[in-house]
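Since the structure comes first, as structure tokens, the remarks are kept for the end.
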Amino acid sequence: MITALKEDIQSQTRSLVTFAQKNLRRIHQAIGNDNSEIYDFYYGLIRRHTVLNRDIENIISDDNHNSFISLYIISRCILDDYIRIKYITSQLNSDETIICLNADARKKNFDNLFSMAKVNEEFIHKQPPYYPTIQLVEDIKKNFLDEHYSDKYFTDKANFKFKQFPTTRNIVDNYPSNEKASMYRSFYLWRHFSDYIHFSSFSAHLEINESSDCHNFLQEAIYHS
């Protein structure tokens, strides 16, 4: 097995950041201030991976760096984006799939707000000044429904039913068979990096006993970026 070196990873992330920055400038010059949802999605992904790769380079360049915990957490974000973008671009109507992804994100945000508002009113009796109330969330919901642009996010706007986006597991399981092996490898790494995010005695054991494959796993994540 060829072992990735620290210097290789520094060079690769530096190159990715430079390449992404050039792309961002070219896109901005070509399109200008395009506020479309599709443009924002792709432009935002490039900006995001510029930051992620710069963070990897900064962490691994630190002389005090002696653990892959932070690097693997960043790598999990990279793999999450990779699996989703592969799914989106495999669809016949990728623009509509992006809208479904954004609809799913908005639904989860509203669910989260309503949950916090319910806790606020039932258990802490509206004591904290910045916690949402049910009335506040209802007002936010009404304003969102009143906006014409929000129509595209719903399957049933009257009943506040959003379009759906598949889970990561569903994406991988239902991916075309000719690319399934590659996608499952990505999913394996995604799950491995997830073990570092969700702390347990198992993840603590992983952190203490990181193997010589660490640089290889990290380099593979960077490849997906």
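Scheme for the structure tokens: letters A, B, ... for chains in order shown; per-chain residue numbers from 1; ligand numbers from 1 in order shown.
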
Counting only C-alpha atoms, what is within 8 Å of Pro132 (chain A), bar same-chain residues fewer than 5 positions away, as a PDB file with all heavy atoms, in the first residue's frame?
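Output contents, as saved in result-v2.pdb:
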```
ATOM      1  N   LEU A 113     -37.711  24.463  15.135  1.00  0.00           N
ATOM      2  CA  LEU A 113     -38.257  25.655  15.787  1.00  0.00           C
ATOM      3  C   LEU A 113     -39.502  25.318  16.611  1.00  0.00           C
ATOM      4  O   LEU A 113     -39.651  25.787  17.750  1.00  0.00           O
ATOM      5  CB  LEU A 113     -38.596  26.717  14.736  1.00  0.00           C
ATOM      6  CG  LEU A 113     -37.434  27.497  14.140  1.00  0.00           C
ATOM      7  CD1 LEU A 113     -37.913  28.370  12.972  1.00  0.00           C
ATOM      8  CD2 LEU A 113     -36.761  28.381  15.191  1.00  0.00           C
ATOM      9  N   MET A 116     -38.520  23.472  19.795  1.00  0.00           N
ATOM     10  CA  MET A 116     -37.943  24.351  20.808  1.00  0.00           C
ATOM     11  C   MET A 116     -39.011  25.248  21.424  1.00  0.00           C
ATOM     12  O   MET A 116     -39.008  25.502  22.637  1.00  0.00           O
ATOM     13  CB  MET A 116     -36.841  25.206  20.166  1.00  0.00           C
ATOM     14  CG  MET A 116     -35.987  25.984  21.156  1.00  0.00           C
ATOM     15  SD  MET A 116     -35.006  24.934  22.239  1.00  0.00           S
ATOM     16  CE  MET A 116     -35.794  25.192  23.813  1.00  0.00           C
ATOM     17  N   ALA A 117     -39.954  25.706  20.600  1.00  0.00           N
ATOM     18  CA  ALA A 117     -41.038  26.543  21.113  1.00  0.00           C
ATOM     19  C   ALA A 117     -41.915  25.764  22.089  1.00  0.00           C
ATOM     20  O   ALA A 117     -42.352  26.298  23.126  1.00  0.00           O
ATOM     21  CB  ALA A 117     -41.877  27.073  19.951  1.00  0.00           C
ATOM     22  N   ASN A 120     -40.100  25.473  25.302  1.00  0.00           N
ATOM     23  CA  ASN A 120     -40.097  26.789  25.948  1.00  0.00           C
ATOM     24  C   ASN A 120     -41.397  27.027  26.707  1.00  0.00           C
ATOM     25  O   ASN A 120     -41.393  27.485  27.859  1.00  0.00           O
ATOM     26  CB  ASN A 120     -39.881  27.868  24.882  1.00  0.00           C
ATOM     27  CG  ASN A 120     -39.758  29.258  25.481  1.00  0.00           C
ATOM     28  OD1 ASN A 120     -39.421  29.420  26.649  1.00  0.00           O
ATOM     29  ND2 ASN A 120     -40.031  30.279  24.671  1.00  0.00           N
ATOM     30  N   VAL A 137     -43.201  31.242  15.989  1.00  0.00           N
ATOM     31  CA  VAL A 137     -42.957  30.284  14.911  1.00  0.00           C
ATOM     32  C   VAL A 137     -44.127  30.274  13.929  1.00  0.00           C
ATOM     33  O   VAL A 137     -43.930  30.172  12.709  1.00  0.00           O
ATOM     34  CB  VAL A 137     -42.694  28.874  15.476  1.00  0.00           C
ATOM     35  CG1 VAL A 137     -42.437  27.888  14.329  1.00  0.00           C
ATOM     36  CG2 VAL A 137     -41.504  28.882  16.426  1.00  0.00           C
TER      37      VAL A 137
END
```

Fill in the blank from the handout: Between CA of Glu207 (chain A) and CA of Asn66 (chain A) lies a distance of 10.4 Å

Problem - Shell around Ile60 (chain A) at 9 Å using only C-alpha atoms, local window under 5 positions removed, as number ranges by chain - result: A: 6, 9-10, 55, 65-66, 68, 71

Can you build me a table of region 50-115 of chain A residues sitting at most 10 Å from region 212-219 of chain A, with the closest atom pair per residue and its distance in Å to one decimal, using only C-alpha atoms, sorted by chain and residue number, as a tab-separated table?
```
residue	atom	partner	partner_atom	distance
A:Ile56	CA	A:Leu218	CA	9.2
A:Ser67	CA	A:Cys214	CA	9.4
A:Phe68	CA	A:Cys214	CA	7.2
A:Leu71	CA	A:Leu218	CA	7.3
A:Tyr72	CA	A:Leu218	CA	7.0
A:Ile74	CA	A:Leu218	CA	9.5
A:Ser75	CA	A:Leu218	CA	6.9
A:Arg76	CA	A:Leu218	CA	10.0
```

Handout entry: In region 3-220 of chain A, DSSP strand (DSSP E or B) residues written as a VMD selection string
Key = chain A and resid 154 to 156 161 to 162

Give the helix (DSSP H, G or I) residues of region 121-207 of chain A, as DSSP finds them on the backbone, and put them as a PDB file with C-alpha atoms, in the first residue's frame.
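Once everything was written out, this is selection10.pdb:
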```pdb
ATOM      1  CA  GLU A 121     -43.812  27.015  26.692  1.00  0.00           C
ATOM      2  CA  GLU A 122     -44.327  23.685  28.463  1.00  0.00           C
ATOM      3  CA  ILE A 134     -45.269  28.915  19.305  1.00  0.00           C
ATOM      4  CA  GLN A 135     -46.845  32.209  18.232  1.00  0.00           C
ATOM      5  CA  LEU A 136     -43.509  33.471  16.916  1.00  0.00           C
ATOM      6  CA  VAL A 137     -42.957  30.284  14.911  1.00  0.00           C
ATOM      7  CA  GLU A 138     -46.507  30.470  13.563  1.00  0.00           C
ATOM      8  CA  ASP A 139     -45.801  34.045  12.429  1.00  0.00           C
ATOM      9  CA  ILE A 140     -42.589  32.924  10.712  1.00  0.00           C
ATOM     10  CA  LYS A 141     -44.506  30.076   9.082  1.00  0.00           C
ATOM     11  CA  LYS A 142     -47.224  32.466   7.841  1.00  0.00           C
ATOM     12  CA  ASN A 143     -44.665  34.864   6.377  1.00  0.00           C
ATOM     13  CA  PHE A 144     -42.967  31.970   4.608  1.00  0.00           C
ATOM     14  CA  LEU A 145     -46.285  30.717   3.195  1.00  0.00           C
ATOM     15  CA  ASP A 146     -47.161  34.214   2.003  1.00  0.00           C
ATOM     16  CA  HIS A 148     -44.660  33.305  -3.676  1.00  0.00           C
ATOM     17  CA  TYR A 149     -41.159  31.806  -4.046  1.00  0.00           C
ATOM     18  CA  SER A 150     -41.956  29.191  -1.387  1.00  0.00           C
ATOM     19  CA  ASP A 151     -44.494  27.434  -3.676  1.00  0.00           C
ATOM     20  CA  LYS A 152     -41.760  25.296  -5.235  1.00  0.00           C
ATOM     21  CA  TYR A 153     -40.886  23.662  -1.888  1.00  0.00           C
ATOM     22  CA  LYS A 157     -48.785  24.010   0.579  1.00  0.00           C
ATOM     23  CA  ALA A 158     -52.188  24.246   2.278  1.00  0.00           C
ATOM     24  CA  ASN A 159     -51.204  21.469   4.680  1.00  0.00           C
ATOM     25  CA  THR A 168     -27.854   9.236   2.781  1.00  0.00           C
ATOM     26  CA  ARG A 169     -28.513   5.525   3.258  1.00  0.00           C
ATOM     27  CA  ASN A 170     -31.352   5.561   0.720  1.00  0.00           C
ATOM     28  CA  ILE A 171     -29.194   7.403  -1.799  1.00  0.00           C
ATOM     29  CA  VAL A 172     -26.483   4.758  -1.563  1.00  0.00           C
ATOM     30  CA  ASP A 173     -28.801   1.735  -1.551  1.00  0.00           C
ATOM     31  CA  SER A 177     -25.605  -0.667 -10.028  1.00  0.00           C
ATOM     32  CA  ASN A 178     -22.732   0.279 -12.338  1.00  0.00           C
ATOM     33  CA  GLU A 179     -21.480   2.819  -9.770  1.00  0.00           C
ATOM     34  CA  LYS A 180     -22.741   1.186  -6.580  1.00  0.00           C
ATOM     35  CA  ALA A 181     -19.346  -0.203  -5.523  1.00  0.00           C
ATOM     36  CA  SER A 182     -17.760   3.243  -5.646  1.00  0.00           C
ATOM     37  CA  MET A 183     -20.689   4.792  -3.804  1.00  0.00           C
ATOM     38  CA  TYR A 184     -20.567   2.137  -1.073  1.00  0.00           C
ATOM     39  CA  ARG A 185     -16.866   2.871  -0.567  1.00  0.00           C
ATOM     40  CA  SER A 186     -17.781   6.536  -0.077  1.00  0.00           C
ATOM     41  CA  PHE A 187     -20.535   5.499   2.320  1.00  0.00           C
ATOM     42  CA  TYR A 188     -18.122   3.286   4.267  1.00  0.00           C
ATOM     43  CA  LEU A 189     -15.807   6.271   4.781  1.00  0.00           C
ATOM     44  CA  TRP A 190     -18.795   8.486   5.640  1.00  0.00           C
ATOM     45  CA  ARG A 191     -19.812   6.021   8.350  1.00  0.00           C
ATOM     46  CA  HIS A 192     -16.243   5.700   9.609  1.00  0.00           C
ATOM     47  CA  PHE A 193     -15.864   9.472   9.910  1.00  0.00           C
ATOM     48  CA  SER A 194     -19.281   9.629  11.608  1.00  0.00           C
ATOM     49  CA  ASP A 195     -17.894   7.443  14.395  1.00  0.00           C
ATOM     50  CA  TYR A 196     -15.604  10.343  15.290  1.00  0.00           C
ATOM     51  CA  ILE A 197     -18.497  12.818  15.414  1.00  0.00           C
ATOM     52  CA  SER A 201     -16.235   4.681  24.293  1.00  0.00           C
ATOM     53  CA  PHE A 202     -15.900   3.205  20.798  1.00  0.00           C
ATOM     54  CA  SER A 203     -14.997   6.560  19.248  1.00  0.00           C
ATOM     55  CA  ALA A 204     -12.617   7.266  22.127  1.00  0.00           C
ATOM     56  CA  HIS A 205     -10.900   3.951  21.387  1.00  0.00           C
ATOM     57  CA  LEU A 206     -10.614   4.944  17.720  1.00  0.00           C
ATOM     58  CA  GLU A 207      -9.042   8.270  18.653  1.00  0.00           C
TER      59      GLU A 207
END
```

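You will find CA of Asp104 (chain A) at 26.6 Å from CA of Asn53 (chain A).
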
Practice task
Calculate how many Å separate CA of Ile78 (chain A) from CA of Leu16 (chain A), rounding to one decimal.
Solution key: 12.9 Å

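Considering only C-alpha atoms, the residue among A:Tyr82, A:Tyr175, A:Tyr223, A:Phe165 positioned nearest to Leu45 (chain A) is A:Tyr82.
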
Exercise for the section: Return the single residue from A:Ile124, A:Val119, A:Ala103, A:Arg84 that is closest to Thr155 (chain A), with distances computed using only C-alpha atoms. Expected result: A:Ala103

What's around His28 (chain A) at 12 Å? Count only C-alpha atoms, leave out sequence neighbours fewer than 3 positions away in its own chain, and write the answer as a PDB file with all heavy atoms, in the first residue's frame.
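Contents of the output file out.pdb:
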```
ATOM      1  N   GLN A  21     -10.652  28.868  -5.731  1.00  0.00           N
ATOM      2  CA  GLN A  21     -10.690  30.329  -5.742  1.00  0.00           C
ATOM      3  C   GLN A  21     -10.712  30.869  -7.172  1.00  0.00           C
ATOM      4  O   GLN A  21     -11.421  31.833  -7.468  1.00  0.00           O
ATOM      5  CB  GLN A  21      -9.503  30.883  -4.967  1.00  0.00           C
ATOM      6  CG  GLN A  21      -9.624  30.690  -3.463  1.00  0.00           C
ATOM      7  CD  GLN A  21      -8.377  31.097  -2.701  1.00  0.00           C
ATOM      8  OE1 GLN A  21      -7.264  31.032  -3.233  1.00  0.00           O
ATOM      9  NE2 GLN A  21      -8.545  31.503  -1.466  1.00  0.00           N
ATOM     10  N   LYS A  22      -9.952  30.244  -8.057  1.00  0.00           N
ATOM     11  CA  LYS A  22      -9.964  30.651  -9.468  1.00  0.00           C
ATOM     12  C   LYS A  22     -11.339  30.407 -10.073  1.00  0.00           C
ATOM     13  O   LYS A  22     -11.861  31.238 -10.824  1.00  0.00           O
ATOM     14  CB  LYS A  22      -8.899  29.879 -10.249  1.00  0.00           C
ATOM     15  CG  LYS A  22      -7.468  30.307  -9.963  1.00  0.00           C
ATOM     16  CD  LYS A  22      -6.486  29.495 -10.802  1.00  0.00           C
ATOM     17  CE  LYS A  22      -5.053  29.928 -10.530  1.00  0.00           C
ATOM     18  NZ  LYS A  22      -4.073  29.116 -11.311  1.00  0.00           N
ATOM     19  N   ASN A  23     -11.918  29.248  -9.757  1.00  0.00           N
ATOM     20  CA  ASN A  23     -13.256  28.939 -10.269  1.00  0.00           C
ATOM     21  C   ASN A  23     -14.292  29.946  -9.779  1.00  0.00           C
ATOM     22  O   ASN A  23     -15.158  30.385 -10.546  1.00  0.00           O
ATOM     23  CB  ASN A  23     -13.673  27.528  -9.841  1.00  0.00           C
ATOM     24  CG  ASN A  23     -13.157  26.468 -10.793  1.00  0.00           C
ATOM     25  OD1 ASN A  23     -12.794  26.762 -11.924  1.00  0.00           O
ATOM     26  ND2 ASN A  23     -13.108  25.236 -10.330  1.00  0.00           N
ATOM     27  N   LEU A  24     -14.207  30.303  -8.501  1.00  0.00           N
ATOM     28  CA  LEU A  24     -15.163  31.259  -7.943  1.00  0.00           C
ATOM     29  C   LEU A  24     -15.073  32.603  -8.650  1.00  0.00           C
ATOM     30  O   LEU A  24     -16.093  33.226  -8.957  1.00  0.00           O
ATOM     31  CB  LEU A  24     -14.920  31.425  -6.440  1.00  0.00           C
ATOM     32  CG  LEU A  24     -15.286  30.230  -5.555  1.00  0.00           C
ATOM     33  CD1 LEU A  24     -14.820  30.461  -4.125  1.00  0.00           C
ATOM     34  CD2 LEU A  24     -16.782  29.972  -5.574  1.00  0.00           C
ATOM     35  N   ARG A  25     -13.851  33.052  -8.908  1.00  0.00           N
ATOM     36  CA  ARG A  25     -13.678  34.335  -9.617  1.00  0.00           C
ATOM     37  C   ARG A  25     -14.244  34.259 -11.033  1.00  0.00           C
ATOM     38  O   ARG A  25     -14.928  35.176 -11.488  1.00  0.00           O
ATOM     39  CB  ARG A  25     -12.205  34.727  -9.650  1.00  0.00           C
ATOM     40  CG  ARG A  25     -11.665  35.220  -8.311  1.00  0.00           C
ATOM     41  CD  ARG A  25     -10.325  35.912  -8.477  1.00  0.00           C
ATOM     42  NE  ARG A  25      -9.282  34.995  -8.924  1.00  0.00           N
ATOM     43  CZ  ARG A  25      -8.504  34.296  -8.109  1.00  0.00           C
ATOM     44  NH1 ARG A  25      -8.663  34.402  -6.799  1.00  0.00           N
ATOM     45  NH2 ARG A  25      -7.570  33.500  -8.587  1.00  0.00           N
ATOM     46  N   ILE A  31     -21.182  35.215 -14.482  1.00  0.00           N
ATOM     47  CA  ILE A  31     -22.607  35.227 -14.141  1.00  0.00           C
ATOM     48  C   ILE A  31     -23.010  36.493 -13.400  1.00  0.00           C
ATOM     49  O   ILE A  31     -24.141  36.954 -13.495  1.00  0.00           O
ATOM     50  CB  ILE A  31     -22.973  33.975 -13.310  1.00  0.00           C
ATOM     51  CG1 ILE A  31     -22.643  32.716 -14.118  1.00  0.00           C
ATOM     52  CG2 ILE A  31     -24.433  33.977 -12.905  1.00  0.00           C
ATOM     53  CD1 ILE A  31     -22.917  31.423 -13.396  1.00  0.00           C
ATOM     54  N   GLY A  32     -22.072  37.075 -12.644  1.00  0.00           N
ATOM     55  CA  GLY A  32     -22.402  38.267 -11.875  1.00  0.00           C
ATOM     56  C   GLY A  32     -23.211  37.923 -10.647  1.00  0.00           C
ATOM     57  O   GLY A  32     -23.035  36.866 -10.047  1.00  0.00           O
ATOM     58  N   ASN A  33     -24.132  38.782 -10.288  1.00  0.00           N
ATOM     59  CA  ASN A  33     -24.926  38.589  -9.066  1.00  0.00           C
ATOM     60  C   ASN A  33     -26.207  37.803  -9.357  1.00  0.00           C
ATOM     61  O   ASN A  33     -27.315  38.300  -9.201  1.00  0.00           O
ATOM     62  CB  ASN A  33     -25.261  39.944  -8.446  1.00  0.00           C
ATOM     63  CG  ASN A  33     -24.024  40.666  -7.962  1.00  0.00           C
ATOM     64  OD1 ASN A  33     -23.140  40.052  -7.374  1.00  0.00           O
ATOM     65  ND2 ASN A  33     -23.958  41.963  -8.226  1.00  0.00           N
ATOM     66  N   ASP A  34     -26.031  36.592  -9.813  1.00  0.00           N
ATOM     67  CA  ASP A  34     -27.164  35.713 -10.056  1.00  0.00           C
ATOM     68  C   ASP A  34     -27.675  35.201  -8.707  1.00  0.00           C
ATOM     69  O   ASP A  34     -26.935  34.579  -7.955  1.00  0.00           O
ATOM     70  CB  ASP A  34     -26.716  34.532 -10.919  1.00  0.00           C
ATOM     71  CG  ASP A  34     -27.877  33.647 -11.350  1.00  0.00           C
ATOM     72  OD1 ASP A  34     -28.812  33.478 -10.553  1.00  0.00           O
ATOM     73  OD2 ASP A  34     -27.847  33.124 -12.466  1.00  0.00           O
ATOM     74  N   ASN A  35     -28.934  35.463  -8.431  1.00  0.00           N
ATOM     75  CA  ASN A  35     -29.507  35.069  -7.143  1.00  0.00           C
ATOM     76  C   ASN A  35     -30.358  33.810  -7.236  1.00  0.00           C
ATOM     77  O   ASN A  35     -31.123  33.514  -6.321  1.00  0.00           O
ATOM     78  CB  ASN A  35     -30.361  36.218  -6.581  1.00  0.00           C
ATOM     79  CG  ASN A  35     -29.508  37.419  -6.211  1.00  0.00           C
ATOM     80  OD1 ASN A  35     -28.420  37.264  -5.671  1.00  0.00           O
ATOM     81  ND2 ASN A  35     -29.997  38.605  -6.522  1.00  0.00           N
ATOM     82  N   TYR A  39     -27.859  28.405  -8.857  1.00  0.00           N
ATOM     83  CA  TYR A  39     -26.535  29.041  -8.821  1.00  0.00           C
ATOM     84  C   TYR A  39     -25.998  29.072  -7.395  1.00  0.00           C
ATOM     85  O   TYR A  39     -24.836  28.736  -7.147  1.00  0.00           O
ATOM     86  CB  TYR A  39     -26.649  30.459  -9.376  1.00  0.00           C
ATOM     87  CG  TYR A  39     -25.425  31.319  -9.134  1.00  0.00           C
ATOM     88  CD1 TYR A  39     -24.334  31.264  -9.987  1.00  0.00           C
ATOM     89  CD2 TYR A  39     -25.374  32.183  -8.045  1.00  0.00           C
ATOM     90  CE1 TYR A  39     -23.216  32.048  -9.761  1.00  0.00           C
ATOM     91  CE2 TYR A  39     -24.256  32.966  -7.802  1.00  0.00           C
ATOM     92  CZ  TYR A  39     -23.180  32.900  -8.673  1.00  0.00           C
ATOM     93  OH  TYR A  39     -22.072  33.672  -8.437  1.00  0.00           O
ATOM     94  N   ASP A  40     -26.846  29.475  -6.456  1.00  0.00           N
ATOM     95  CA  ASP A  40     -26.422  29.554  -5.053  1.00  0.00           C
ATOM     96  C   ASP A  40     -25.947  28.204  -4.537  1.00  0.00           C
ATOM     97  O   ASP A  40     -24.996  28.127  -3.763  1.00  0.00           O
ATOM     98  CB  ASP A  40     -27.581  30.050  -4.174  1.00  0.00           C
ATOM     99  CG  ASP A  40     -27.791  31.544  -4.297  1.00  0.00           C
ATOM    100  OD1 ASP A  40     -26.922  32.226  -4.872  1.00  0.00           O
ATOM    101  OD2 ASP A  40     -28.830  32.034  -3.814  1.00  0.00           O
ATOM    102  N   TYR A  42     -24.560  25.526  -6.231  1.00  0.00           N
ATOM    103  CA  TYR A  42     -23.252  25.118  -6.742  1.00  0.00           C
ATOM    104  C   TYR A  42     -22.144  26.085  -6.310  1.00  0.00           C
ATOM    105  O   TYR A  42     -21.043  25.661  -5.928  1.00  0.00           O
ATOM    106  CB  TYR A  42     -23.297  25.014  -8.263  1.00  0.00           C
ATOM    107  CG  TYR A  42     -24.100  23.830  -8.757  1.00  0.00           C
ATOM    108  CD1 TYR A  42     -25.318  24.006  -9.410  1.00  0.00           C
ATOM    109  CD2 TYR A  42     -23.653  22.525  -8.555  1.00  0.00           C
ATOM    110  CE1 TYR A  42     -26.062  22.919  -9.863  1.00  0.00           C
ATOM    111  CE2 TYR A  42     -24.385  21.437  -9.002  1.00  0.00           C
ATOM    112  CZ  TYR A  42     -25.583  21.642  -9.652  1.00  0.00           C
ATOM    113  OH  TYR A  42     -26.315  20.570 -10.082  1.00  0.00           O
ATOM    114  N   TYR A  43     -22.448  27.371  -6.366  1.00  0.00           N
ATOM    115  CA  TYR A  43     -21.461  28.363  -5.940  1.00  0.00           C
ATOM    116  C   TYR A  43     -21.140  28.179  -4.457  1.00  0.00           C
ATOM    117  O   TYR A  43     -19.974  28.240  -4.043  1.00  0.00           O
ATOM    118  CB  TYR A  43     -22.015  29.766  -6.196  1.00  0.00           C
ATOM    119  CG  TYR A  43     -20.990  30.879  -6.076  1.00  0.00           C
ATOM    120  CD1 TYR A  43     -20.147  31.187  -7.143  1.00  0.00           C
ATOM    121  CD2 TYR A  43     -20.885  31.632  -4.913  1.00  0.00           C
ATOM    122  CE1 TYR A  43     -19.213  32.209  -7.045  1.00  0.00           C
ATOM    123  CE2 TYR A  43     -19.950  32.656  -4.802  1.00  0.00           C
ATOM    124  CZ  TYR A  43     -19.126  32.945  -5.874  1.00  0.00           C
ATOM    125  OH  TYR A  43     -18.201  33.955  -5.773  1.00  0.00           O
ATOM    126  N   GLY A  44     -22.172  27.925  -3.676  1.00  0.00           N
ATOM    127  CA  GLY A  44     -21.974  27.728  -2.241  1.00  0.00           C
ATOM    128  C   GLY A  44     -21.147  26.497  -1.938  1.00  0.00           C
ATOM    129  O   GLY A  44     -20.336  26.490  -1.006  1.00  0.00           O
ATOM    130  N   ILE A  46     -18.736  25.217  -3.802  1.00  0.00           N
ATOM    131  CA  ILE A  46     -17.324  25.513  -4.088  1.00  0.00           C
ATOM    132  C   ILE A  46     -16.731  26.360  -2.967  1.00  0.00           C
ATOM    133  O   ILE A  46     -15.611  26.116  -2.511  1.00  0.00           O
ATOM    134  CB  ILE A  46     -17.177  26.219  -5.451  1.00  0.00           C
ATOM    135  CG1 ILE A  46     -17.696  25.318  -6.571  1.00  0.00           C
ATOM    136  CG2 ILE A  46     -15.700  26.559  -5.713  1.00  0.00           C
ATOM    137  CD1 ILE A  46     -17.716  25.991  -7.940  1.00  0.00           C
ATOM    138  N   ARG A  47     -17.473  27.370  -2.511  1.00  0.00           N
ATOM    139  CA  ARG A  47     -16.997  28.202  -1.401  1.00  0.00           C
ATOM    140  C   ARG A  47     -16.774  27.351  -0.148  1.00  0.00           C
ATOM    141  O   ARG A  47     -15.780  27.506   0.560  1.00  0.00           O
ATOM    142  CB  ARG A  47     -18.012  29.312  -1.077  1.00  0.00           C
ATOM    143  CG  ARG A  47     -18.075  30.424  -2.091  1.00  0.00           C
ATOM    144  CD  ARG A  47     -19.005  31.534  -1.645  1.00  0.00           C
ATOM    145  NE  ARG A  47     -18.474  32.244  -0.485  1.00  0.00           N
ATOM    146  CZ  ARG A  47     -18.959  32.135   0.751  1.00  0.00           C
ATOM    147  NH1 ARG A  47     -19.979  31.344   1.005  1.00  0.00           N
ATOM    148  NH2 ARG A  47     -18.433  32.834   1.739  1.00  0.00           N
TER     149      ARG A  47
END
```
